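Novice: To be precise about what I am sending: the file is called my_file_35.cif and holds mmCIF, C-alpha atoms.
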```cif
data_final
loop_
_atom_site.label_atom_id
_atom_site.label_comp_id
_atom_site.auth_asym_id
_atom_site.auth_seq_id
_atom_site.Cartn_x
_atom_site.Cartn_y
_atom_site.Cartn_z
CA MET A 28 139.01 128.74 39.46
CA MET A 29 135.81 129.26 41.46
CA THR A 30 134.10 132.60 41.26
CA GLU A 31 133.55 134.07 44.70
CA LEU A 32 129.87 134.66 45.35
CA PRO A 33 128.90 138.17 46.41
CA THR A 34 128.09 138.62 50.10
CA LEU A 35 124.41 139.28 50.53
CA PRO A 36 123.35 142.00 52.95
CA PRO A 37 121.70 140.68 56.13
CA THR A 38 117.93 140.43 56.13
CA GLU A 39 115.87 142.73 58.31
CA THR A 40 115.29 139.96 60.85
CA GLU A 41 119.01 139.10 60.98
CA ALA A 42 119.84 142.77 61.55
CA ASP A 43 117.33 142.97 64.42
CA VAL A 44 118.77 139.85 66.03
CA ALA A 45 122.28 141.28 65.72
CA ALA A 46 121.09 144.52 67.35
CA ILE A 47 119.63 142.58 70.30
CA ASP A 48 122.93 140.73 70.73
CA GLU A 49 124.77 144.06 70.57
CA LEU A 50 122.56 145.64 73.22
CA ARG A 51 122.98 142.68 75.56
CA VAL A 52 126.78 143.12 75.37
CA LEU A 53 126.42 146.88 75.86
CA PHE A 54 124.24 146.29 78.93
CA THR A 55 127.11 144.38 80.53
CA LYS A 56 129.55 147.16 79.59
CA ILE A 57 127.24 149.86 80.99
CA ARG A 58 126.97 148.11 84.35
CA ALA A 59 130.73 147.62 84.47
CA GLU A 60 131.35 151.28 83.63
CA LEU A 61 128.85 152.55 86.22
CA SER A 62 130.40 150.29 88.87
CA LYS A 63 133.40 152.64 88.82
CA VAL A 64 131.36 155.30 90.62
CA ILE A 65 128.16 153.52 91.78
CA ILE A 66 128.43 150.69 94.29
CA GLY A 67 125.55 148.21 94.04
CA GLN A 68 122.10 149.37 92.84
CA ASP A 69 122.14 146.83 89.98
CA ALA A 70 118.35 146.49 90.00
CA VAL A 71 117.91 150.29 89.89
CA ILE A 72 120.31 150.56 86.94
CA GLU A 73 118.47 147.86 85.02
CA LYS A 74 115.09 149.53 85.58
CA LEU A 75 116.44 152.90 84.44
CA LEU A 76 117.79 151.36 81.25
CA ILE A 77 114.48 149.59 80.64
CA CYS A 78 112.75 152.97 80.91
CA ILE A 79 115.15 154.65 78.51
CA PHE A 80 114.95 151.95 75.84
CA ALA A 81 111.15 151.73 76.22
CA ARG A 82 110.85 155.55 75.79
CA GLY A 83 109.40 156.01 79.26
CA HIS A 84 110.04 158.24 82.27
CA ALA A 85 110.81 157.21 85.83
CA LEU A 86 110.02 158.38 89.35
CA LEU A 87 112.68 157.52 91.93
CA MET A 88 111.77 157.20 95.58
CA GLY A 89 114.56 157.20 98.12
CA VAL A 90 116.05 159.02 101.08
CA PRO A 91 118.84 161.58 100.51
CA GLY A 92 122.41 160.39 100.11
CA LEU A 93 121.82 157.28 97.98
CA ALA A 94 123.71 158.67 94.94
CA LYS A 95 120.60 159.12 92.79
CA THR A 96 121.93 162.30 91.16
CA LEU A 97 125.38 160.78 90.63
CA LEU A 98 123.84 157.71 89.02
CA ILE A 99 121.77 159.70 86.54
CA HIS A 100 124.61 162.09 85.71
CA SER A 101 126.97 159.15 85.15
CA LEU A 102 124.38 157.44 82.95
CA ALA A 103 124.08 160.59 80.83
CA ASP A 104 127.88 160.78 80.54
CA LEU A 105 128.38 157.24 79.28
CA MET A 106 125.50 157.69 76.82
CA ASN A 107 127.00 161.00 75.65
CA LEU A 108 123.70 162.80 76.29
CA LYS A 109 122.99 166.36 77.41
CA PHE A 110 122.07 166.37 81.10
CA SER A 111 120.32 169.00 83.21
CA ARG A 112 119.22 169.04 86.83
CA VAL A 113 116.41 171.14 88.28
CA GLN A 114 116.08 171.51 92.04
CA PHE A 115 112.35 171.89 92.63
CA THR A 116 111.43 174.46 95.28
CA PRO A 117 108.16 176.14 96.35
CA ASP A 118 109.03 179.35 94.45
CA LEU A 119 109.95 177.62 91.17
CA MET A 120 107.94 178.94 88.19
CA PRO A 121 107.01 177.09 84.96
CA SER A 122 109.24 179.43 82.97
CA ASP A 123 112.19 178.38 85.14
CA ILE A 124 111.83 174.95 83.54
CA THR A 125 110.64 175.63 80.00
CA GLY A 126 112.38 178.94 79.37
CA THR A 127 111.25 182.52 78.86
CA GLU A 128 111.28 185.36 76.34
CA ILE A 129 113.73 188.20 76.98
CA LEU A 130 113.66 191.60 75.32
CA GLN A 131 116.90 192.04 73.41
CA ASP A 132 118.42 194.98 71.50
CA GLY A 133 118.65 194.42 67.76
CA ASP A 134 122.15 194.01 66.29
CA GLY A 135 123.19 197.40 64.97
CA THR A 136 119.62 198.74 64.99
CA ASN A 137 117.41 200.64 67.37
CA LYS A 138 114.74 197.96 67.24
CA ARG A 139 114.11 195.61 70.09
CA ALA A 140 112.75 192.09 69.81
CA PHE A 141 111.85 189.25 72.11
CA GLU A 142 114.19 186.27 72.08
CA PHE A 143 113.32 182.93 73.66
CA VAL A 144 115.93 181.62 76.08
CA LYS A 145 115.58 177.86 76.51
CA GLY A 146 115.22 176.39 79.99
CA PRO A 147 116.72 173.20 81.47
CA ILE A 148 113.93 171.07 79.95
CA PHE A 149 115.87 171.28 76.66
CA ALA A 150 118.15 168.34 77.41
CA ASN A 151 118.18 164.60 76.73
CA ILE A 152 118.10 163.55 80.39
CA VAL A 153 116.39 165.88 82.86
CA LEU A 154 116.63 165.24 86.60
CA ALA A 155 113.66 166.82 88.42
CA ASP A 156 114.95 166.72 91.98
CA GLU A 157 112.22 166.54 94.68
CA ILE A 158 109.37 167.16 92.25
CA ASN A 159 106.84 167.23 95.10
CA ARG A 160 108.46 170.40 96.52
CA THR A 161 107.02 172.68 93.84
CA PRO A 162 103.39 173.83 93.25
CA PRO A 163 101.08 171.95 90.82
CA LYS A 164 101.36 174.63 88.12
CA THR A 165 105.09 174.09 87.81
CA GLN A 166 104.72 170.32 88.03
CA ALA A 167 102.20 170.49 85.18
CA ALA A 168 104.66 172.32 82.91
CA LEU A 169 107.17 169.49 83.28
CA LEU A 170 104.56 166.75 82.92
CA GLN A 171 103.10 168.33 79.79
CA ALA A 172 106.54 168.40 78.18
CA MET A 173 107.02 164.76 79.17
CA GLN A 174 103.77 163.74 77.53
CA GLU A 175 103.93 165.83 74.34
CA GLN A 176 107.72 166.00 73.85
CA LYS A 177 107.13 169.68 73.08
CA VAL A 178 107.28 173.05 74.83
CA ASN A 179 104.62 175.68 74.11
CA THR A 180 105.39 179.27 75.04
CA GLY A 181 103.56 182.29 73.71
CA LYS A 182 103.20 181.94 69.97
CA HIS A 183 106.10 179.51 69.69
CA GLN A 184 106.27 175.73 69.87
CA PHE A 185 109.56 173.86 70.31
CA THR A 186 110.05 170.13 69.80
CA LEU A 187 112.33 168.51 72.35
CA GLU A 188 115.31 166.71 70.89
CA PRO A 189 115.09 162.90 71.20
CA PRO A 190 115.96 160.87 73.11
CA PHE A 191 114.16 162.65 75.95
CA PHE A 192 113.99 161.11 79.41
CA VAL A 193 112.73 162.69 82.65
CA LEU A 194 113.77 161.28 85.99
CA ALA A 195 111.96 162.75 88.98
CA THR A 196 112.90 162.08 92.59
CA GLN A 197 110.87 162.21 95.78
CA ASN A 198 111.96 162.06 99.39
CA PRO A 199 109.60 159.64 101.19
CA ILE A 200 110.47 160.98 104.66
CA GLU A 201 109.77 164.71 104.66
CA GLN A 202 106.19 165.41 103.55
CA GLU A 203 105.56 168.73 105.31
CA GLY A 204 105.09 171.60 102.86
CA THR A 205 105.05 169.33 99.81
CA TYR A 206 102.66 169.02 96.87
CA PRO A 207 102.10 165.30 96.23
CA LEU A 208 101.57 164.37 92.60
CA PRO A 209 97.94 163.42 91.86
CA GLU A 210 97.26 159.90 90.58
CA ALA A 211 96.60 161.23 87.06
CA GLN A 212 100.06 162.79 86.95
CA LEU A 213 101.77 159.80 88.55
CA ASP A 214 100.36 157.78 85.66
CA ARG A 215 102.65 159.72 83.28
CA PHE A 216 105.65 157.90 84.75
CA MET A 217 106.37 154.46 83.36
CA PHE A 218 108.22 153.21 86.46
CA LEU A 219 108.26 153.93 90.17
CA ILE A 220 111.73 152.85 91.28
CA ASN A 221 112.48 152.46 94.97
CA VAL A 222 116.13 153.09 95.84
CA GLY A 223 117.06 151.28 99.03
CA TYR A 224 120.02 151.34 101.37
CA PRO A 225 123.17 149.45 100.31
CA SER A 226 124.16 146.21 101.99
CA ALA A 227 126.84 146.16 104.69
CA SER A 228 129.54 145.00 102.26
CA GLU A 229 128.51 147.61 99.69
CA GLU A 230 128.52 150.37 102.31
CA LEU A 231 132.01 149.32 103.38
CA GLN A 232 133.15 149.51 99.76
CA ILE A 233 131.53 152.96 99.43
CA ALA A 234 133.46 154.18 102.46
CA LYS A 235 136.75 152.96 101.00
CA SER A 236 136.28 154.09 97.39
CA THR A 237 134.75 157.54 97.89
CA THR A 238 137.06 158.94 100.55
CA GLY A 239 140.34 158.54 98.72
CA GLY A 240 141.83 159.98 95.56
CA ALA A 241 140.34 161.22 92.31
CA THR A 242 136.96 160.04 91.03
CA PRO A 243 137.25 157.59 88.11
CA GLU A 244 136.22 158.87 84.69
CA ILE A 245 133.25 157.37 82.86
CA ASN A 246 133.92 156.25 79.30
CA LYS A 247 131.33 157.07 76.65
CA ILE A 248 129.75 153.87 75.35
CA LEU A 249 126.61 154.97 73.50
CA SER A 250 125.36 157.93 71.51
CA ALA A 251 121.94 159.49 71.02
CA ALA A 252 121.69 157.80 67.60
CA ASP A 253 122.44 154.40 69.18
CA ILE A 254 119.70 154.88 71.79
CA LEU A 255 117.12 155.84 69.16
CA ARG A 256 118.10 152.77 67.13
CA PHE A 257 117.73 150.45 70.10
CA GLN A 258 114.41 152.04 71.05
CA LYS A 259 113.09 151.02 67.62
CA ILE A 260 114.44 147.48 68.07
CA VAL A 261 112.65 147.13 71.42
CA ARG A 262 109.32 147.92 69.76
CA LEU A 263 109.88 145.11 67.23
CA VAL A 264 110.40 142.32 69.78
CA PRO A 265 107.60 139.74 69.28
CA VAL A 266 105.17 139.05 72.11
CA PRO A 267 103.29 135.72 72.28
CA GLU A 268 99.52 135.90 72.65
CA HIS A 269 99.56 134.33 76.13
CA VAL A 270 101.96 137.05 77.34
CA TYR A 271 99.61 139.78 76.11
CA GLU A 272 96.79 138.00 77.93
CA ARG A 273 98.89 137.80 81.13
CA CYS A 274 99.51 141.57 81.03
CA VAL A 275 95.81 142.31 80.64
CA SER A 276 94.87 139.77 83.33
CA ILE A 277 97.26 141.23 85.92
CA VAL A 278 96.00 144.79 85.38
CA ARG A 279 92.31 143.89 85.36
CA LYS A 280 92.62 141.90 88.59
CA CYS A 281 93.97 145.03 90.31
CA ARG A 282 90.74 146.98 89.66
CA PRO A 283 88.32 146.60 92.60
CA ALA A 284 85.25 147.38 90.48
CA GLY A 285 86.05 144.75 87.85
CA ALA A 286 84.52 141.29 87.66
CA GLU A 287 88.01 139.69 87.51
CA ALA A 288 89.13 141.23 90.83
CA PRO A 289 89.53 138.80 93.77
CA GLU A 290 87.63 139.58 96.95
CA TRP A 291 90.76 140.65 98.78
CA ILE A 292 91.42 143.28 96.07
CA LYS A 293 87.94 144.70 96.62
CA LYS A 294 88.68 144.78 100.34
CA TRP A 295 92.04 146.55 100.14
CA VAL A 296 92.18 148.59 96.90
CA MET A 297 90.44 151.91 96.40
CA TRP A 298 91.51 152.49 92.79
CA GLY A 299 93.31 150.36 90.21
CA PRO A 300 95.52 150.96 87.15
CA GLY A 301 94.22 152.12 83.77
CA PRO A 302 94.97 150.87 80.23
CA ARG A 303 98.30 152.74 80.16
CA ALA A 304 99.55 150.20 82.70
CA VAL A 305 99.02 147.38 80.18
CA GLN A 306 100.98 149.31 77.55
CA TYR A 307 103.88 149.89 79.94
CA LEU A 308 103.85 146.26 81.09
CA VAL A 309 104.29 145.13 77.48
CA LEU A 310 106.92 147.76 76.63
CA GLY A 311 108.83 147.19 79.87
CA ALA A 312 108.81 143.43 79.29
CA LYS A 313 110.08 143.96 75.73
CA ALA A 314 112.96 146.16 76.91
CA ARG A 315 113.89 143.72 79.68
CA ALA A 316 113.83 140.79 77.25
CA VAL A 317 116.27 142.63 74.96
CA LEU A 318 118.62 143.51 77.84
CA GLN A 319 118.58 139.86 78.87
CA GLY A 320 119.44 138.80 75.32
CA SER A 321 116.07 137.18 74.57
CA TYR A 322 114.51 137.43 71.12
CA ILE A 323 110.97 137.05 72.44
CA VAL A 324 109.09 138.34 75.50
CA ARG A 325 108.54 135.77 78.26
CA THR A 326 106.17 135.70 81.20
CA GLU A 327 109.07 136.25 83.62
CA ASP A 328 109.85 139.53 81.84
CA VAL A 329 106.31 140.75 82.60
CA HIS A 330 106.57 139.66 86.24
CA ALA A 331 109.95 141.43 86.59
CA VAL A 332 108.52 144.82 85.57
CA ALA A 333 105.07 144.45 87.17
CA GLU A 334 105.96 146.11 90.48
CA PRO A 335 107.66 149.27 89.12
CA VAL A 336 104.87 149.68 86.53
CA LEU A 337 101.91 149.13 88.87
CA ALA A 338 103.03 150.25 92.35
CA HIS A 339 102.14 153.93 91.82
CA ARG A 340 98.96 153.07 89.92
CA ILE A 341 97.27 151.18 92.75
CA LEU A 342 95.70 153.23 95.54
CA VAL A 343 95.10 151.20 98.70
CA ASN A 344 92.41 152.11 101.21
CA PHE A 345 92.40 152.53 104.98
CA HIS A 346 91.78 148.82 105.61
CA ALA A 347 94.96 147.88 103.75
CA GLU A 348 97.03 150.55 105.49
CA SER A 349 95.78 149.46 108.91
CA GLU A 350 96.92 145.91 108.14
CA GLY A 351 100.31 147.03 106.80
CA ILE A 352 99.46 146.16 103.19
CA ASN A 353 100.92 148.37 100.44
CA SER A 354 100.64 148.29 96.66
CA ALA A 355 103.87 146.32 96.23
CA GLU A 356 102.52 143.52 98.42
CA ILE A 357 99.29 143.46 96.40
CA ILE A 358 101.23 143.13 93.12
CA ARG A 359 103.34 140.28 94.47
CA ARG A 360 100.21 138.46 95.60
CA ILE A 361 98.48 138.95 92.23
CA ILE A 362 101.50 137.50 90.41
CA ALA A 363 101.69 134.55 92.81
CA GLU A 364 98.07 133.70 92.09
CA GLU A 365 98.42 133.95 88.28
#
```
Show me the file's structure as structure tokens.
Specialist:
Amino acid sequence: MMTELPTLPPTETEADVAAIDELRVLFTKIRAELSKVIIGQDAVIEKLLICIFARGHALLMGVPGLAKTLLIHSLADLMNLKFSRVQFTPDLMPSDITGTEILQDGDGTNKRAFEFVKGPIFANIVLADEINRTPPKTQAALLQAMQEQKVNTGKHQFTLEPPFFVLATQNPIEQEGTYPLPEAQLDRFMFLINVGYPSASEELQIAKSTTGGATPEINKILSAADILRFQKIVRLVPVPEHVYERCVSIVRKCRPAGAEAPEWIKKWVMWGPGPRAVQYLVLGAKARAVLQGSYIVRTEDVHAVAEPVLAHRILVNFHAESEGINSAEIIRRIIAEE
């Protein structure tokens, strides 16, 4: 009679590979679940997930009525995360986001004490709606929390519970009375995601599915612990040396003052991306590779995330604007010449 050999636990590498396979399957399930309430926008959904698993934040640009809020709320539901939405207005104060101290009566005593009441920033997914509608001081409070993952108020410091993801929206049409984010603050966002109009067939499906009976329920697929686990896996994905070099080359060619910049970049670009762009190119490519089921980062992963990473980090000049050239066109041309 043969003695059954004990089953050895999987090695660390085998466990990482299994986690990548698991996330690829979950990516398919997430898209299928969101399709119950969101018609189309597959590219937007993929970019949002890349941001979340790369521990980044995103800035969405799109006209009203494209279901941006519904998409983010649905994403928070299926990931079983705490969601909060802040409508940014000109009179919004920093304390309206971070929270404030309120004088409270002591329980059964005559003493009073200040108690901190947490603001909407204390959530896993925060939707900052029309972030350019509020003054810079309030914008800075949100952006500081994004960067440090902490909230400082008075003598107290609170650490935000991970995972923590900020999604800010801007309306590209109405600019009167707004406070555009400076380039230094735009750089805090990993992705700039443009949300476009649906196709004719998608719009027809929207008309049929949203004007009838009850709204379908979203099933919970992930948990906060799952997201933190996958975020660690994304960081472990290997990157070949030539892919690192491609990331650096793309960014350096976008800087008009650099020796690597083509002449047409010097003609059209006023300011180029900083080193943070290289970091986000690598991290975004890692997250995309995992979602695609790849165990290594490829050049096509870098090219796929180049536009959302770089578009808000390239400032074109008057010559480019007069010729109808924007930052997205510059990125596509850089990639074509690589």
Novice: Tell me which protein, DNA and RNA residues are within 10 Å of Val324 (chain A), counting only C-alpha atoms, leaving out same-chain ones fewer than 4 positions away, and put them as a tab-separated table (two decimals) with C-alpha atoms, in the frame of the given file.
Specialist:
```
chain	number	residue	atom	x	y	z
A	264	VAL	CA	110.40	142.32	69.78
A	265	PRO	CA	107.60	139.74	69.28
A	266	VAL	CA	105.17	139.05	72.11
A	267	PRO	CA	103.29	135.72	72.28
A	270	VAL	CA	101.96	137.05	77.34
A	271	TYR	CA	99.61	139.78	76.11
A	309	VAL	CA	104.29	145.13	77.48
A	310	LEU	CA	106.92	147.76	76.63
A	311	GLY	CA	108.83	147.19	79.87
A	312	ALA	CA	108.81	143.43	79.29
A	313	LYS	CA	110.08	143.96	75.73
A	314	ALA	CA	112.96	146.16	76.91
A	315	ARG	CA	113.89	143.72	79.68
A	316	ALA	CA	113.83	140.79	77.25
A	317	VAL	CA	116.27	142.63	74.96
A	328	ASP	CA	109.85	139.53	81.84
A	329	VAL	CA	106.31	140.75	82.60
```
Novice: Would you mind listing what lies within 8 Å of Leu337 (chain A) as a ChimeraX atom specification, with only C-alpha atoms counted and same-chain residues fewer than 5 positions away left out?
Specialist: /A:218,300,304,354,358
Novice: For the file shown, report as a ChimeraX atom specification the outcome of the PyMOL selection byres ((chain A and resi 104) around 10) at residue level.
Specialist: /A:98-103,105-110,244-250
Novice: List as a list of chain:residue names the protein and nucleic acid residues near region 197-200 of chain A, meaning an atom at most 8 Å away when all atoms listed in the file are counted, but skip any in the same chain fewer than 5 places from it.
Specialist: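 Here the answer would be A:Leu86, A:Leu87, A:Met88, A:Gly89, A:Val90, A:Pro91, A:Asp156, A:Glu157, A:Ile158, A:Asn159.
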Novice: Compare A:Ala251, A:Val222, A:Ile77, A:Leu50 by their minimum atom-to-atom distance to Gly92 (chain A), counting all atoms listed in the file, and give me the closest one.
Specialist: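 Smallest separation from Gly92 (chain A) among the options: A:Val222.
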Novice: Enumerate, as a compact mmCIF listing (two decimals) with C-alpha atoms, keeping the file's coordinate frame, the residues matched when the PyMOL selection byres ((chain A and resi 214) around 10) is run on the file above.
Specialist:
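That gives us expr38.txt:
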```txt
# COMPACT_ATOMS: atom_id res chain seq x y z
CA LEU A 208 101.57 164.37 92.60
CA PRO A 209 97.94 163.42 91.86
CA GLU A 210 97.26 159.90 90.58
CA ALA A 211 96.60 161.23 87.06
CA GLN A 212 100.06 162.79 86.95
CA LEU A 213 101.77 159.80 88.55
CA ARG A 215 102.65 159.72 83.28
CA PHE A 216 105.65 157.90 84.75
CA MET A 217 106.37 154.46 83.36
CA PHE A 218 108.22 153.21 86.46
CA LEU A 219 108.26 153.93 90.17
CA PRO A 300 95.52 150.96 87.15
CA GLY A 301 94.22 152.12 83.77
CA ARG A 303 98.30 152.74 80.16
CA ALA A 304 99.55 150.20 82.70
CA VAL A 336 104.87 149.68 86.53
CA LEU A 337 101.91 149.13 88.87
CA HIS A 339 102.14 153.93 91.82
CA ARG A 340 98.96 153.07 89.92
```
Novice: Figure out the distance between CA of Leu61 (chain A) and CA of Pro243 (chain A), please, to one decimal in Å.
Specialist: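 CA of Leu61 (chain A) lies 10.0 Å from CA of Pro243 (chain A).
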Novice: Just say which residues the PyMOL selection byres ((chain A and resi 171) around 12) picks in this file, as a list in words.
Specialist: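 Applying the expression gives Pro121, Ile124, Thr125, Ile148, Pro163, Lys164, Thr165, Gln166, Ala167, Ala168, Leu169, Leu170, Ala172, Met173, Gln174, Glu175, Gln176, Lys177, Val178, Asn179, Leu187, Val193, Gln212, Arg215 and Phe216 of chain A.
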Novice: Contacts of Leu75 (chain A) at 9 Å or less, counting all atoms listed in the file, minus same-chain residues fewer than 5 places along, as an NGL selection string?
Specialist: :A and (70 or 80 or 84-85 or 99 or 194 or 218 or 220)
Novice: Could you check which of A:Ile357, A:Leu318, A:Val64, A:Ala140 is closest to Ile260 (chain A), using all atoms listed in the file?
Specialist: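 Of A:Ile357, A:Leu318, A:Val64, A:Ala140, the one nearest Ile260 (chain A), counting all atoms listed in the file, is A:Leu318.
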Novice: With all atoms listed in the file as the atoms that count, which of A:Leu308, A:Ile66, A:Val278, A:Ala347 lies nearest to Ser228 (chain A)?
Specialist: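 Going through A:Leu308, A:Ile66, A:Val278, A:Ala347 one by one, the smallest distance to Ser228 (chain A) is for A:Ile66.
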Novice: Determine the nearest neighbour of Ala333 (chain A) from the options A:Phe185, A:Tyr307, A:Phe143, A:Trp291, counting all atoms listed in the file.
Specialist: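 Counting all atoms listed in the file, the residue closest to Ala333 (chain A) is A:Tyr307.
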Novice: Hey, can you check how far CA of Gln131 (chain A) sits from CA of Val144 (chain A)?
Specialist: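 Between these atoms lies a distance of 10.8 Å.
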Novice: Separation of CA of Tyr224 (chain A) and CA of Ala94 (chain A), in Å?
Specialist: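 Value for the CA of Tyr224 (chain A)-CA of Ala94 (chain A) distance: 10.4 Å.
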Novice: Using only C-alpha atoms, which residue out of A:Gly126, A:Pro147, A:Gly320, A:Pro189 lies closest to Arg82 (chain A)?
Specialist: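 Result for the nearest residue to Arg82 (chain A): A:Pro189.
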Novice: For Thr40 (chain A), list every protein, DNA or RNA residue within 12 Å, evaluated using only C-alpha atoms, and leave out those in the same chain fewer than 4 positions away; present the list as a PDB file with C-alpha atoms, in the coordinates of the input.
Specialist:
```pdb
ATOM      1  CA  PRO A  36     123.350 142.000  52.950  1.00  0.00           C
ATOM      2  CA  VAL A  44     118.770 139.850  66.030  1.00  0.00           C
ATOM      3  CA  ALA A  45     122.280 141.280  65.720  1.00  0.00           C
ATOM      4  CA  ALA A  46     121.090 144.520  67.350  1.00  0.00           C
ATOM      5  CA  ILE A  47     119.630 142.580  70.300  1.00  0.00           C
ATOM      6  CA  ILE A 260     114.440 147.480  68.070  1.00  0.00           C
ATOM      7  CA  LEU A 263     109.880 145.110  67.230  1.00  0.00           C
ATOM      8  CA  VAL A 264     110.400 142.320  69.780  1.00  0.00           C
ATOM      9  CA  PRO A 265     107.600 139.740  69.280  1.00  0.00           C
ATOM     10  CA  TYR A 322     114.510 137.430  71.120  1.00  0.00           C
TER      11      TYR A 322
END
```
